[in-house]
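File shown: query.cif (mmCIF, C-alpha atoms).
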data_model
#
loop_
_atom_site.label_atom_id
_atom_site.label_comp_id
_atom_site.auth_asym_id
_atom_site.auth_seq_id
_atom_site.Cartn_x
_atom_site.Cartn_y
_atom_site.Cartn_z
CA MET A 1 -9.46 -19.92 5.46
CA LEU A 2 -11.72 -19.78 2.39
CA ILE A 3 -11.51 -21.84 -0.81
CA PRO A 4 -14.03 -20.88 -3.52
CA ALA A 5 -14.55 -23.87 -5.81
CA HIS A 6 -16.54 -24.54 -8.98
CA ASN A 7 -16.32 -28.15 -10.19
CA GLU A 8 -12.87 -28.76 -8.68
CA ALA A 9 -13.31 -32.38 -7.60
CA ASP A 10 -10.00 -33.32 -9.25
CA GLN A 11 -8.05 -30.62 -7.41
CA ILE A 12 -9.72 -30.10 -4.03
CA PRO A 13 -8.17 -33.10 -2.19
CA GLU A 14 -4.64 -31.92 -3.04
CA THR A 15 -5.53 -28.36 -2.05
CA ILE A 16 -6.87 -29.37 1.37
CA SER A 17 -3.99 -31.80 1.88
CA SER A 18 -1.53 -28.95 1.38
CA LEU A 19 -3.26 -27.11 4.22
CA ARG A 20 -3.02 -30.12 6.51
CA ARG A 21 0.74 -30.19 5.87
CA GLN A 22 1.26 -26.57 6.92
CA ARG A 23 3.66 -25.95 9.79
CA ARG A 24 1.00 -23.54 11.06
CA ARG A 25 -2.32 -25.13 10.20
CA PRO A 26 -5.43 -22.99 9.62
CA ASP A 27 -8.00 -22.97 12.42
CA ARG A 28 -10.85 -23.51 9.97
CA ILE A 29 -11.02 -24.66 6.35
CA ILE A 30 -14.16 -23.56 4.53
CA VAL A 31 -14.74 -24.73 0.96
CA ILE A 32 -17.30 -22.55 -0.82
CA THR A 33 -18.95 -24.73 -3.44
CA ASP A 34 -20.36 -22.52 -6.18
CA ASN A 35 -22.88 -24.06 -8.59
CA CYS A 36 -20.97 -27.35 -8.61
CA THR A 37 -22.23 -30.27 -10.66
CA ASP A 38 -19.46 -32.70 -9.72
CA LEU A 39 -18.22 -34.27 -6.46
CA THR A 40 -16.37 -31.21 -5.13
CA GLU A 41 -18.60 -30.96 -2.06
CA ALA A 42 -18.37 -34.66 -1.23
CA PHE A 43 -14.58 -34.74 -1.58
CA ALA A 44 -14.19 -31.59 0.51
CA ARG A 45 -16.22 -33.13 3.33
CA LEU A 46 -14.25 -36.38 3.12
CA CYS A 47 -11.07 -34.32 3.54
CA GLY A 48 -12.46 -32.79 6.73
CA ALA A 49 -13.31 -29.32 5.48
CA GLU A 50 -16.43 -27.31 6.25
CA VAL A 51 -18.58 -26.78 3.16
CA VAL A 52 -20.79 -23.79 2.38
CA ALA A 53 -22.82 -23.88 -0.82
CA THR A 54 -23.65 -20.57 -2.52
CA ARG A 55 -27.25 -19.57 -3.11
CA GLY A 56 -28.31 -17.88 -6.32
CA ASN A 57 -24.79 -16.63 -7.04
CA ARG A 58 -24.39 -15.04 -10.48
CA HIS A 59 -21.03 -13.39 -9.83
CA LYS A 60 -18.68 -16.38 -9.87
CA LYS A 61 -15.69 -16.30 -7.49
CA ALA A 62 -16.26 -12.75 -6.21
CA GLY A 63 -19.91 -13.41 -5.48
CA ALA A 64 -19.17 -16.72 -3.77
CA LEU A 65 -16.60 -15.14 -1.45
CA ASN A 66 -18.88 -12.21 -0.65
CA GLN A 67 -21.68 -14.57 0.42
CA VAL A 68 -19.43 -16.08 3.08
CA LEU A 69 -17.45 -12.97 4.05
CA SER A 70 -20.51 -10.77 4.62
CA PRO A 71 -21.72 -12.67 7.71
CA LEU A 72 -18.23 -13.77 8.77
CA LEU A 73 -16.32 -10.47 8.87
CA PRO A 74 -18.29 -8.61 11.57
CA ALA A 75 -17.47 -11.35 14.10
CA LEU A 76 -13.69 -11.17 13.52
CA GLY A 77 -11.27 -9.19 15.66
CA LEU A 78 -8.08 -7.19 15.22
CA ASP A 79 -5.79 -10.23 15.34
CA ASP A 80 -7.78 -12.43 12.96
CA VAL A 81 -6.43 -13.31 9.51
CA ILE A 82 -8.24 -14.77 6.50
CA LEU A 83 -6.49 -16.87 3.88
CA VAL A 84 -8.22 -16.94 0.49
CA MET A 85 -6.88 -19.41 -2.05
CA ASP A 86 -7.90 -20.96 -5.34
CA ALA A 87 -9.16 -24.53 -5.34
CA ASP A 88 -6.58 -25.55 -7.95
CA SER A 89 -3.58 -24.41 -5.88
CA ALA A 90 -1.43 -26.17 -3.28
CA LEU A 91 0.58 -24.30 -0.64
CA ASP A 92 4.13 -25.17 0.24
CA PRO A 93 4.45 -26.19 3.96
CA GLY A 94 5.76 -22.87 5.29
CA PHE A 95 3.32 -20.57 3.51
CA ILE A 96 0.96 -19.76 6.40
CA GLN A 97 3.67 -19.61 9.06
CA HIS A 98 5.83 -17.17 7.11
CA GLY A 99 2.83 -15.10 6.00
CA LEU A 100 1.64 -14.69 9.60
CA GLU A 101 5.14 -13.69 10.69
CA TYR A 102 5.14 -10.85 8.16
CA LEU A 103 1.63 -9.76 9.16
CA SER A 104 2.60 -9.81 12.86
CA THR A 105 5.07 -6.98 12.24
CA GLY A 106 2.12 -4.65 11.71
CA ARG A 107 3.62 -3.27 8.50
CA TYR A 108 1.40 -5.08 6.00
CA ALA A 109 -2.33 -5.36 5.36
CA ALA A 110 -2.03 -8.49 3.24
CA VAL A 111 0.61 -11.03 2.21
CA GLY A 112 0.41 -12.90 -1.08
CA GLY A 113 2.27 -15.79 -2.61
CA THR A 114 4.46 -16.46 -5.60
CA PHE A 115 3.70 -19.58 -7.58
CA THR A 116 5.03 -22.18 -9.93
CA GLY A 117 2.97 -24.22 -12.39
CA LYS A 118 1.81 -27.76 -11.80
CA PRO A 119 2.81 -30.46 -14.33
CA GLY A 120 0.80 -31.04 -17.48
CA GLY A 121 -0.46 -29.02 -20.42
CA GLY A 122 2.21 -30.12 -22.88
CA LEU A 123 3.99 -27.30 -24.68
CA VAL A 124 1.57 -24.61 -23.54
CA GLY A 125 2.00 -25.84 -19.96
CA MET A 126 5.78 -25.58 -20.26
CA PHE A 127 5.49 -22.00 -21.48
CA GLN A 128 3.35 -21.09 -18.49
CA ARG A 129 5.75 -22.71 -16.01
CA ASN A 130 8.59 -20.68 -17.51
CA GLU A 131 6.46 -17.55 -17.34
CA TYR A 132 5.63 -18.16 -13.68
CA ALA A 133 9.33 -18.75 -12.91
CA ARG A 134 10.12 -15.36 -14.47
CA TYR A 135 7.36 -13.70 -12.47
CA ALA A 136 8.67 -15.20 -9.21
CA ARG A 137 12.18 -14.04 -10.12
CA ASP A 138 10.95 -10.49 -10.67
CA VAL A 139 9.18 -10.48 -7.30
CA ARG A 140 12.30 -11.74 -5.53
CA ARG A 141 14.42 -9.06 -7.17
CA LEU A 142 11.95 -6.44 -5.93
CA SER A 143 12.11 -7.83 -2.37
CA GLY A 144 8.50 -8.97 -2.50
CA LYS A 145 7.07 -5.69 -3.82
CA ALA A 146 4.54 -7.25 -6.17
CA LEU A 147 1.94 -5.18 -7.99
CA VAL A 148 -0.88 -7.69 -7.47
CA LEU A 149 -2.07 -9.99 -4.70
CA THR A 150 -2.95 -12.95 -6.87
CA GLY A 151 -5.98 -15.11 -6.24
CA THR A 152 -3.83 -18.23 -5.99
CA ALA A 153 -3.32 -17.56 -2.25
CA THR A 154 -3.30 -14.42 -0.09
CA LEU A 155 -3.47 -13.79 3.65
CA PHE A 156 -5.58 -10.75 4.60
CA ARG A 157 -5.95 -9.06 7.94
CA ALA A 158 -9.64 -9.20 8.85
CA LEU A 159 -9.37 -5.51 9.73
CA THR A 160 -8.20 -4.77 6.18
CA LEU A 161 -11.24 -6.41 4.63
CA GLN A 162 -13.52 -4.63 7.10
CA GLU A 163 -11.99 -1.32 6.05
CA ILE A 164 -12.59 -2.20 2.40
CA VAL A 165 -16.30 -2.77 3.04
CA THR A 166 -16.61 0.52 4.96
CA ALA A 167 -14.75 2.46 2.27
CA ARG A 168 -16.96 1.07 -0.48
CA ALA A 169 -20.09 1.89 1.53
CA CYS A 170 -19.12 5.56 1.88
CA GLY A 171 -17.96 5.94 -1.73
CA ARG A 172 -14.22 6.15 -1.10
CA LEU A 173 -13.74 3.03 -3.23
CA PRO A 174 -15.67 1.70 -6.24
CA GLY A 175 -18.26 -1.05 -5.86
CA ARG A 176 -20.96 -2.01 -3.39
CA ASP A 177 -20.41 -2.43 0.35
CA GLN A 178 -18.79 -5.85 0.03
CA VAL A 179 -15.21 -7.08 0.04
CA TYR A 180 -15.06 -8.03 -3.64
CA ASP A 181 -16.33 -5.84 -6.48
CA VAL A 182 -18.59 -8.16 -8.49
CA ARG A 183 -18.70 -5.84 -11.53
CA VAL A 184 -15.12 -6.51 -12.59
CA LEU A 185 -13.35 -9.28 -14.51
CA THR A 186 -10.32 -9.39 -12.22
CA GLU A 187 -11.53 -9.20 -8.62
CA ASP A 188 -8.11 -9.90 -7.10
CA ASN A 189 -6.42 -7.10 -9.03
CA GLU A 190 -9.22 -4.70 -8.08
CA LEU A 191 -8.96 -5.66 -4.40
CA THR A 192 -5.23 -4.98 -4.54
CA LEU A 193 -5.88 -1.48 -5.88
CA ALA A 194 -8.50 -0.95 -3.18
CA ILE A 195 -6.05 -1.88 -0.42
CA LEU A 196 -3.34 0.39 -1.83
CA HIS A 197 -5.78 3.31 -2.17
CA LEU A 198 -6.44 3.05 1.56
CA GLY A 199 -2.76 3.75 2.12
CA LEU A 200 -1.99 0.19 3.22
CA ARG A 201 0.97 -1.97 2.25
CA ILE A 202 1.15 -5.40 0.65
CA LEU A 203 3.94 -7.94 0.22
CA CYS A 204 4.67 -11.17 -1.66
CA PRO A 205 7.66 -12.57 0.27
CA PRO A 206 9.93 -15.24 -1.20
CA GLU A 207 9.05 -17.68 1.59
CA CYS A 208 5.34 -17.79 0.66
CA THR A 209 5.30 -20.16 -2.29
CA LEU A 210 2.80 -22.53 -3.88
CA THR A 211 1.95 -24.41 -7.04
CA THR A 212 -1.08 -23.78 -9.21
CA GLU A 213 -2.75 -25.37 -12.21
CA VAL A 214 -1.73 -24.32 -15.72
CA MET A 215 -4.16 -23.88 -18.58
CA PRO A 216 -4.14 -27.12 -20.62
CA THR A 217 -4.88 -25.65 -24.08
CA TRP A 218 -4.15 -22.51 -26.09
CA ARG A 219 -7.85 -21.72 -26.14
CA ASP A 220 -8.16 -21.92 -22.35
CA LEU A 221 -5.01 -19.87 -21.93
CA GLY A 222 -6.22 -17.19 -24.34
CA ARG A 223 -9.54 -16.91 -22.52
CA GLN A 224 -7.80 -16.66 -19.13
CA ARG A 225 -5.27 -14.06 -20.23
CA LEU A 226 -7.84 -11.95 -22.07
CA ARG A 227 -9.83 -11.74 -18.85
CA TRP A 228 -6.72 -10.85 -16.85
CA LYS A 229 -5.45 -8.23 -19.24
CA ARG A 230 -8.75 -6.58 -20.05
CA GLY A 231 -9.81 -6.73 -16.40
CA ALA A 232 -6.61 -5.04 -15.24
CA LEU A 233 -7.09 -2.26 -17.78
CA GLU A 234 -10.71 -1.68 -16.78
CA ASN A 235 -9.75 -1.66 -13.09
CA LEU A 236 -7.43 1.24 -13.84
CA VAL A 237 -10.18 3.09 -15.69
CA ASP A 238 -12.39 2.71 -12.60
CA TYR A 239 -9.73 4.18 -10.31
CA GLY A 240 -8.44 6.81 -12.73
CA TRP A 241 -5.08 8.57 -12.60
CA THR A 242 -3.85 8.48 -9.00
CA PRO A 243 -0.47 8.16 -7.27
CA VAL A 244 -1.27 4.46 -6.78
CA THR A 245 -2.31 3.74 -10.36
CA ARG A 246 0.47 5.66 -12.13
CA PRO A 247 2.92 2.71 -12.10
CA TYR A 248 0.14 0.45 -13.38
CA TRP A 249 -0.71 2.86 -16.18
CA GLY A 250 3.01 2.91 -16.97
CA ARG A 251 2.97 -0.86 -17.37
CA GLN A 252 -0.01 -0.59 -19.71
CA LEU A 253 1.96 1.90 -21.81
CA LEU A 254 4.92 -0.47 -21.89
CA SER A 255 2.58 -3.26 -22.99
CA LEU A 256 1.32 -1.09 -25.84
CA ILE A 257 4.90 -0.27 -26.86
CA GLY A 258 5.73 -3.98 -26.68
CA ILE A 259 2.89 -4.77 -29.08
CA ILE A 260 4.12 -2.15 -31.55
CA VAL A 261 7.73 -3.38 -31.31
CA THR A 262 6.72 -7.03 -31.71
CA PHE A 263 4.52 -6.43 -34.73
CA THR A 264 7.17 -4.17 -36.28
CA TYR A 265 9.79 -6.86 -35.71
CA LEU A 266 7.61 -9.55 -37.29
CA GLY A 267 6.74 -7.23 -40.14
CA THR A 268 10.43 -6.60 -40.82
CA VAL A 269 11.14 -10.35 -40.86
CA ALA A 270 8.18 -11.01 -43.17
CA TYR A 271 9.26 -8.22 -45.53
CA SER A 272 12.80 -9.58 -45.63
CA LEU A 273 11.54 -13.07 -46.48
CA ILE A 274 9.26 -11.80 -49.25
CA ARG A 275 11.61 -9.18 -50.69
CA PHE A 276 14.95 -10.95 -50.41
CA GLY A 277 14.01 -14.59 -49.94
CA GLY A 278 15.70 -14.73 -46.56
CA ILE A 279 16.13 -12.91 -43.27
CA ARG A 280 18.27 -9.78 -43.50
CA LEU A 281 18.01 -8.01 -40.14
CA SER A 282 19.48 -4.59 -39.58
CA PRO A 283 22.08 -4.10 -36.82
CA VAL A 284 19.35 -2.61 -34.62
CA TRP A 285 17.07 -5.64 -34.90
CA THR A 286 20.02 -8.00 -34.53
CA ALA A 287 20.92 -6.32 -31.24
CA VAL A 288 17.29 -6.54 -30.10
CA THR A 289 17.28 -10.25 -30.92
CA VAL A 290 20.48 -10.93 -28.96
CA VAL A 291 19.26 -9.01 -25.90
CA PHE A 292 15.89 -10.74 -26.00
CA MET A 293 17.54 -14.16 -26.28
CA ALA A 294 19.85 -13.48 -23.34
CA GLU A 295 16.94 -12.33 -21.20
CA ARG A 296 14.95 -15.47 -22.01
CA VAL A 297 17.84 -17.73 -20.98
CA VAL A 298 18.85 -15.96 -17.76
CA THR A 299 15.33 -15.60 -16.40
CA VAL A 300 14.58 -19.35 -16.46
CA ARG A 301 17.83 -20.37 -14.81
CA ARG A 302 15.98 -21.85 -11.82
CA ARG A 303 14.09 -24.19 -14.16
CA GLY A 304 17.31 -25.97 -15.09
CA PRO A 305 19.62 -26.41 -18.11
CA ALA A 306 16.96 -28.02 -20.32
CA GLN A 307 14.64 -25.02 -20.08
CA MET A 308 17.56 -22.63 -20.58
CA ALA A 309 18.47 -24.49 -23.77
CA ILE A 310 14.88 -24.28 -25.01
CA ALA A 311 14.76 -20.57 -24.18
CA ALA A 312 17.92 -20.06 -26.23
CA LEU A 313 16.01 -21.32 -29.26
CA LEU A 314 14.35 -17.97 -29.70
CA LEU A 315 11.64 -19.11 -32.10
CA VAL A 316 10.25 -21.62 -29.59
CA GLU A 317 9.41 -19.13 -26.85
CA MET A 318 8.58 -16.41 -29.36
CA VAL A 319 5.45 -18.38 -30.21
CA PHE A 320 4.22 -17.88 -26.65
CA ASP A 321 5.26 -14.23 -26.47
CA VAL A 322 3.57 -13.35 -29.75
CA PHE A 323 0.45 -15.18 -28.60
CA LEU A 324 0.35 -13.08 -25.43
CA GLN A 325 0.90 -9.90 -27.45
CA PHE A 326 -2.10 -10.73 -29.62
CA VAL A 327 -4.18 -11.31 -26.49
CA GLN A 328 -3.00 -7.98 -25.06
CA ALA A 329 -3.90 -6.21 -28.29
CA LYS A 330 -7.36 -7.79 -28.20
CA ALA A 331 -7.78 -6.66 -24.59
CA PHE A 332 -7.00 -3.06 -25.57
CA TRP A 333 -9.42 -3.30 -28.48
CA GLU A 334 -12.29 -4.79 -26.47
CA ALA A 335 -11.84 -2.33 -23.62
CA ALA A 336 -11.73 0.63 -26.01
CA TRP A 337 -14.89 -0.48 -27.81
CA ARG A 338 -16.59 -1.67 -24.61
CA LYS A 339 -17.21 -5.16 -25.93
CA GLU A 340 -19.36 -7.44 -23.78
CA ARG A 341 -17.43 -8.81 -20.82
CA LYS A 342 -17.18 -12.59 -20.75
CA TRP A 343 -15.66 -15.02 -18.31
#
Before anything else, please render the file you have as structure tokens.
Amino acid sequence: MLIPAHNEADQIPETISSLRRQRRRPDRIIVITDNCTDLTEAFARLCGAEVVATRGNRHKKAGALNQVLSPLLPALGLDDVILVMDADSALDPGFIQHGLEYLSTGRYAAVGGTFTGKPGGGLVGMFQRNEYARYARDVRRLSGKALVLTGTATLFRALTLQEIVTARACGRLPGRDQVYDVRVLTEDNELTLAILHLGLRILCPPECTLTTEVMPTWRDLGRQRLRWKRGALENLVDYGWTPVTRPYWGRQLLSLIGIIVTFTYLGTVAYSLIRFGGIRLSPVWTAVTVVFMAERVVTVRRRGPAQMAIAALLLVEMVFDVFLQFVQAKAFWEAAWRKERKW
């Protein structure tokens, strides 16, 4: 298994410990230290992991993984599986066992996880934990048919990654002849599209769960989500309009509609306050408000009564939703005007 890490000394012991607690332990644990200036390498070695330091890597996580996968993949066989996980994540004990059981059926090329947020981050952390709970609920309702294999943790067949390299080399997929495309902002999303364009299947089963770090500040969250949202959009531009990308383009359209609806809603409220000195919503907007409130409450049911009560206070969670809509709008703007990519 591979853990790319950049200055994760605070997180890496917990990450490796979660692997030691697996019902099916990994045969090897390789921590890829990428331009670290802290004690990540020392802590990883103390926890019993192998450590490989990157050399001259300018492509962050994707480049770090490619440096290890390039010499590793050719030696792997048909039955070998590679787990790639973030250094700030911790797997629940049955993750690897259940993931391997699904892969053993021969139906799937890769199996990803669904995650909850670790404690911390104050109000912004709470919002993210609720968001992750909603995401996990959506995946369960779709029987594990997730659109993206997230970087938090995913099990790949070695054969799948070998096919990716071959397909890139012959021009069937974008990017150079490596597993990860280093040109993109969202390497995990791009790799998911690559797997699906080879006609292979993916799954995020309910048994494969983990926890991951939340962004501690609004600024950090905005930077993370801008990269995710813009990267996903640019991935679709790379692949174009295909049977695989059509549902993803549909989600981008829904996001655009959501931005328009949100800004129209806020504009109506602002106009009512200025014009009439109070909120006078039309029946249409009142119905929208009620539906939105009900959805917020129901979708965090697993987080307990306290979070359901907070969700019922519409204005509280609306702060987070409007924030994400602004980030989405910025992603559309930057992608359209080809602003410099930053991570």
Leaving out A:Trp218 and any residue of its chain fewer than 4 positions from it, which residues lie within 12 Å of it when counting all atoms listed in the file, given as a ChimeraX atom specification?
/A:121-128,214,222-226,319-320,323-324,327
Selection in question (the file shown): the PyMOL selection byres ((chain A and resi 239) around 10). Which residues does it include, as a PyMOL selection string?
chain A and resi 173-174+190+193-194+197+234-238+240-242+244-245
Given the PyMOL selection byres ((chain A and resi 266) around 12), the residues it picks as JSON, numbers by chain:
{"A": [259, 260, 261, 262, 263, 264, 265, 267, 268, 269, 270, 271, 272, 273, 279, 281, 285, 289, 315, 318, 319, 322, 325]}
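Counting only C-alpha atoms, the residue from A:Val81, A:Leu233, A:Ala306, A:Ala90 that sits nearest to A:Trp249 is A:Leu233.
Selection check: the PyMOL selection byres ((chain A and resi 82) around 6) on the shown file gives A:Met1, A:Val81, A:Leu83, A:Leu155, A:Phe156.
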Would you save the residues from that selection as a PDB file, keeping the file's coordinate frame, using C-alpha atoms?
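Just written: part.pdb:
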ATOM      1  CA  MET A   1      -9.460 -19.920   5.460  1.00  0.00           C
ATOM      2  CA  VAL A  81      -6.430 -13.310   9.510  1.00  0.00           C
ATOM      3  CA  LEU A  83      -6.490 -16.870   3.880  1.00  0.00           C
ATOM      4  CA  LEU A 155      -3.470 -13.790   3.650  1.00  0.00           C
ATOM      5  CA  PHE A 156      -5.580 -10.750   4.600  1.00  0.00           C
TER       6      PHE A 156
END
With a distance cut-off of 12 Å and all atoms listed in the file, select the neighbouring residues of A:Pro74, excluding the residue or stretch itself and same-chain residues fewer than 5 positions from it, and output the selection as a PyMOL selection string.
chain A and resi 68-69+80+158-159+161-163+165-166+178
List the spatial neighbours of A:Thr212 as a PDB file with C-alpha atoms, keeping the file's coordinate frame - criterion: any atom at most 8 Å away, only C-alpha atoms, same-chain residues fewer than 4 positions off excluded.
ATOM      1  CA  ASP A  88      -6.580 -25.550  -7.950  1.00  0.00           C
ATOM      2  CA  SER A  89      -3.580 -24.410  -5.880  1.00  0.00           C
ATOM      3  CA  ALA A  90      -1.430 -26.170  -3.280  1.00  0.00           C
ATOM      4  CA  PHE A 115       3.700 -19.580  -7.580  1.00  0.00           C
ATOM      5  CA  THR A 116       5.030 -22.180  -9.930  1.00  0.00           C
ATOM      6  CA  GLY A 117       2.970 -24.220 -12.390  1.00  0.00           C
ATOM      7  CA  LYS A 118       1.810 -27.760 -11.800  1.00  0.00           C
ATOM      8  CA  THR A 152      -3.830 -18.230  -5.990  1.00  0.00           C
TER       9      THR A 152
END
Give as a ChimeraX atom specification every residue, naming chains and numbers as the document does, that has an atom within 8 Å of (-9.8, -18.4, 1.4), counting only C-alpha atoms.
/A:1-4,30,82-86,153-154
With stretch 97-107 of chain A as the partner and 7 Å as the cut-off, tabulate the residues of stretch 124-243 of chain A that qualify, each row holding the nearest pair of atoms and their distance in Å to one decimal, using all atoms listed in the file, sorted by chain and rising number, as CSV.
residue,atom,partner,partner_atom,distance
A:Leu155,CA,A:Gly99,CA,6.9
A:Arg201,CA,A:Arg107,CA,6.9
A:Glu207,CA,A:His98,CA,6.4
A:Cys208,CA,A:Gly99,CA,6.5
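Counting all atoms listed in the file and comparing A:Ala167, A:Ile12, A:Leu198, A:Ala311, the residue that lies closest to A:Leu46 is A:Ile12.
The nearest approach to A:Ala53 among the residues A:Leu65, A:Ala133, A:Ile164, A:Val291, with only C-alpha atoms taken into account, belongs to A:Leu65.
Interatomic distance, atom CA of A:Ala9 against atom CA of A:Ala136: 27.9 Å.
Among the candidates A:Ile195, A:Ala109, A:Gly120, A:Ser282, the residue lying nearest to A:Thr217 is A:Gly120 (atoms considered: only C-alpha atoms).
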Using only C-alpha atoms, the residue out of A:Cys47, A:Leu203, A:Met308, A:Cys36 with shortest distance to A:Arg20 is A:Cys47
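Between atom CA of A:Ala64 and atom CA of A:Arg230 there is a distance of 21.8 Å.
The nearest approach to A:Glu131 among the residues A:Arg176, A:Arg302, A:His6, A:Arg338, with only C-alpha atoms taken into account, belongs to A:Arg302.
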